[in-house]
Structure formats: C-alpha cells, structure tokens
Amino acid sequence: MIEFFVHHHNLIFKTLPEFFHNKWVIMIINLVFFYLLIKLSNFIIDKFANKIIEKKDDFEYKKQLITLKSIIKSIVDTIIIIFAVMFILNALGIDIRPILTAAGVLGVAVGFGAKRFFEDIITGLSLILEGQIRVGDYIEVSGHEGVVEKIDIKLIKLRDLKGRVHYIRNGMVDTVVNYTREFSYYVFDIGVSYDEDIENVVKVLRETDEEFRKSSESKDYVMEPLEILGVEKFDDSAVIVRARIKTLPIKQWEVGRAFNLAIKKKFDEKGIEIPFPQRTIHFVKDDASLNNNIN
C-alpha cells in the first residue's frame with residue numbers, strides 16, 4: 001500500500017514545474033502537507049466527536065467519548081507520520097523497499113523480545129474498550145492516584161493533587177480503583193465527646209444535611225440525603241459516628257469539605273463538643289520510698 005501511494009505521489013510531482021523537482025523543496029512541501037493533514041484530521045475528529053458529545057446528557061458517556069476521541073486522534077496521527085517518513089525518504093532519493101523488507105525482518109526478530117510492548121497494548125485495549133478508565137476520572141493504580149489526563153494503548157498519564165504527572169505503563173496495571181464511576185461517596189468519621197447524647201448528635205447531623213442541601217453552594221452536587229451509618233468505634237477521647245453522602249462523580253471532596261465546615265458551625269451553635277486527644281495521668285504514692293527519703 002505504501003508503494004502504491006509513493007508511486008502516485010511521484011506522478012504528481014512530475015507534473016509540477018521544474019522548481020518543484022528539487023528534492024529539498026519536495027521534502028519541505030511534504031513536511032508542510034503532512035503537518036496540515038494532521039491538523040485537518042484532528043479538526044475533523046474533534047468536530048465530529050464534539051457534536052456527539054454535546055447531544056449526550058450522560059456525564060459518564062461523555063467521558064468515554066472524550067477518551068475514544070483522544071485514542072482515535074493518536075492512531076490517525078501515527079499513521080500519517082509513518083506515511084510522511086516514507087514520502088520524505090523517497091523524495092531524498094532513498095529506496096524505501098529495502099527498508100521495508102529490513103523492517104519486516106527486524107519486526108519478527110524484535111517480536112520475540114517485545115513482551116512488555118504487547119502487554120501494554122493488550123492491557124490498554126482492555127482498559128479502553130471496557131471503559132474502566134476514562135479521561136477525567138480520578139483513579140488509583142500501581143501505587144499512584146490522580147486525575148487521568150490521557151490514556152492510550154501504551155500508557156496512562158495521571159496528575160496528582162500536587163500537580164505531579166505520573167506516566168504508568170498499561171502492562172503494569174493490575175488493579176484499578178476508580179473514585180468517579182457513575183457516582184461518588186464522601187465518608188465522614190465524626191468524633192463527639194463521651195458526654196454527648198448520640199441520638200441528639202444524629203438529629204443535629206440530619207438538620208445540618210437538610211440546610212446544606214437547601215442553601216449550600218455545593219447543593220447541586222449532592223445526589224441523596226446524608227446516610228448516617230451509626231457509631232463506628234470508641235476512640236480514646238471520642239465516640240466516632242460514621243456517615244456518608246452521595247455526590248456526582250469527582251465532586252465528593254468539594255462537598256465533603258463544605259459539609260465539614262457546616263458540621264463545625266452547627267456543633268458550635270448547638271454546644272456539641274468535638275473533643276481533642278486527652279490523657280489522664282495518675283500519680284501513685286510509694287509510702288516506703290517516701291519514708292526512706294525523709295529519713
């Protein structure tokens with residue numbers, strides 16, 4: 001196929017004026033042509049994909065389409081670059097047929113030792129086709145976590161909370177924890193004093209939740225009322241009440257921070273104590289030692 005395009009490519013340039021027969025001019029024209037071709041193909045893919053994305057209301061489906069768009073652009077760009085290299089080599093007078101033959105032989109030889117490369121591709125295709133990871137998801141994988149900025153058939157690009165970028169080979173992926181699939185939860189462990197009436201604490205939490213869902217700036221991200229799971233454990237200085245709130249994907253931390261502030265204000269208003277760690281020290285008097293010291 002490549003030889004077919006090269007043949008027709010040469011026919012086109014033979015019909016041009018003498019000036020365009022210079023190999024360096026032809027190389028520059030090829031570079032400009034393929035650069036514009038990449039830009040045009042990306043523009044068409046973006047335009048077509050964005051039209052589909054705009055018509056969909058499902059946030060999860062939109063993330064899947066954005067991911068597929070990125071992969072398609074990557075594949076198309078790679079194909080165009082391969083053709084560009086072939087045309088430029090041909091314009092410089094280099095016979096590409098021996099190169100193609102050598103590349104085929106080399107490919108077979110390298111294939112025996114390219115286990116990691118094929119692992120990356122197979123795992124990448126699995127992750128993409130099954131929709132396990134999409135651009136915009138917050139995930140934990142291979143000991144790293146962050147927002148997925150890019151995923152293709154070779155690697156995953158994550159950006160963490162500190163802005164650091166992690167590049168993870170698909171072949172290294174074993175278990176994926178996706179924090180933003182369809183919906184998210186923020187879990188609260190709320191410590192109150194042992195002197196507090198737990199039933200009253202639960203009542204105040206429900207009041208806080210009702211007010212939060214009516215007036216908070218984050219109310220539109222909350223999907224369901226606060227779910228109070230009950231007394232989780234007894235700490236040294238506090239009784240821990242666990243609750244959770246269901247939110248839109250990747251909004252759990254924003255909602256959680258706002259709700260924590262609302263709890264603090266409501267507890268201050270109601271006089272509910274949020275204890276800090278305390279330690280009681282008992283002094284034991286040793287009468288025998290005391291008498292010896294006196295004597």
# chains A, B, ... in the order shown; residues from 1 in each chain; ligands from 1
>>> residues_around(residues="Ile139 in chain A", least_positions_apart="6", cutoff="7 Å", atoms="only C-alpha atoms", output="list of chain:residue names")
A:Glu145, A:Gly146, A:Val147, A:Val176, A:Val177, A:Asn178, A:Tyr179
>>> write_last_selection(atoms="N, CA and C atoms", output="PDB file, in the first residue's frame")
ATOM      1  N   GLU A 145      -2.142   7.864  42.472  1.00  0.00           N
ATOM      2  CA  GLU A 145      -3.520   8.291  42.253  1.00  0.00           C
ATOM      3  C   GLU A 145      -3.553   9.717  41.728  1.00  0.00           C
ATOM      4  N   GLY A 146      -4.597  10.025  40.977  1.00  0.00           N
ATOM      5  CA  GLY A 146      -4.744  11.356  40.399  1.00  0.00           C
ATOM      6  C   GLY A 146      -5.798  11.349  39.311  1.00  0.00           C
ATOM      7  N   VAL A 147      -5.915  12.481  38.638  1.00  0.00           N
ATOM      8  CA  VAL A 147      -6.883  12.637  37.558  1.00  0.00           C
ATOM      9  C   VAL A 147      -6.252  12.156  36.258  1.00  0.00           C
ATOM     10  N   VAL A 176      -7.327  -1.483  39.337  1.00  0.00           N
ATOM     11  CA  VAL A 176      -7.672  -0.074  39.169  1.00  0.00           C
ATOM     12  C   VAL A 176      -8.768   0.287  40.166  1.00  0.00           C
ATOM     13  N   VAL A 177      -8.544   1.335  40.951  1.00  0.00           N
ATOM     14  CA  VAL A 177      -9.574   1.865  41.844  1.00  0.00           C
ATOM     15  C   VAL A 177     -10.062   3.168  41.226  1.00  0.00           C
ATOM     16  N   ASN A 178     -11.319   3.176  40.797  1.00  0.00           N
ATOM     17  CA  ASN A 178     -11.900   4.357  40.158  1.00  0.00           C
ATOM     18  C   ASN A 178     -12.834   5.036  41.155  1.00  0.00           C
ATOM     19  N   TYR A 179     -12.471   6.266  41.567  1.00  0.00           N
ATOM     20  CA  TYR A 179     -13.248   7.001  42.567  1.00  0.00           C
ATOM     21  C   TYR A 179     -14.435   7.744  41.951  1.00  0.00           C
TER      22      TYR A 179
END
>>> select_by_dssp(residues="range 59-276 of chain A", states="alpha helix (DSSP H)", output="VMD selection string")
chain A and resid 59 to 91 96 to 111 115 to 129 198 to 215 252 to 270
>>> select_by_dssp(residues="range 85-274 of chain A", states="strand (DSSP E or B)", output="count of residues only")
52
>>> atom_distance(atom1="CA of Lys63 in chain A", atom2="CA of Arg169 in chain A")
21.0 Å
>>> residues_around(residues="Ile122 in chain A", least_positions_apart="4", cutoff="12 Å", atoms="only C-alpha atoms", output="list of chain:residue names")
A:Lys115, A:Arg116, A:Phe117, A:Phe118, A:Ser126, A:Leu127, A:Ile128, A:Leu129, A:Asp152, A:Ile153, A:Lys154, A:Leu155, A:Arg169, A:Asn170, A:Gly171, A:Met172, A:Val173
>>> residues_around(residues="Glu196 in chain A", least_positions_apart="3", cutoff="10 Å", atoms="only C-alpha atoms", output="PDB file with C-alpha atoms, in the first residue's frame")
ATOM      1  CA  VAL A 192     -18.008  13.669  69.697  1.00  0.00           C
ATOM      2  CA  SER A 193     -17.483  13.679  73.435  1.00  0.00           C
ATOM      3  CA  GLU A 199     -29.286  10.396  69.383  1.00  0.00           C
ATOM      4  CA  ASN A 200     -29.150  14.183  69.639  1.00  0.00           C
ATOM      5  CA  VAL A 201     -25.925  14.208  67.606  1.00  0.00           C
ATOM      6  CA  ALA A 238     -14.282  10.411  71.424  1.00  0.00           C
ATOM      7  CA  VAL A 239     -17.194   8.365  70.170  1.00  0.00           C
ATOM      8  CA  GLY A 271     -22.913  23.263  72.013  1.00  0.00           C
ATOM      9  CA  ILE A 272     -21.835  19.798  70.889  1.00  0.00           C
ATOM     10  CA  GLU A 273     -18.236  19.151  71.852  1.00  0.00           C
ATOM     11  CA  ILE A 274     -15.728  17.878  69.308  1.00  0.00           C
TER      12      ILE A 274
END
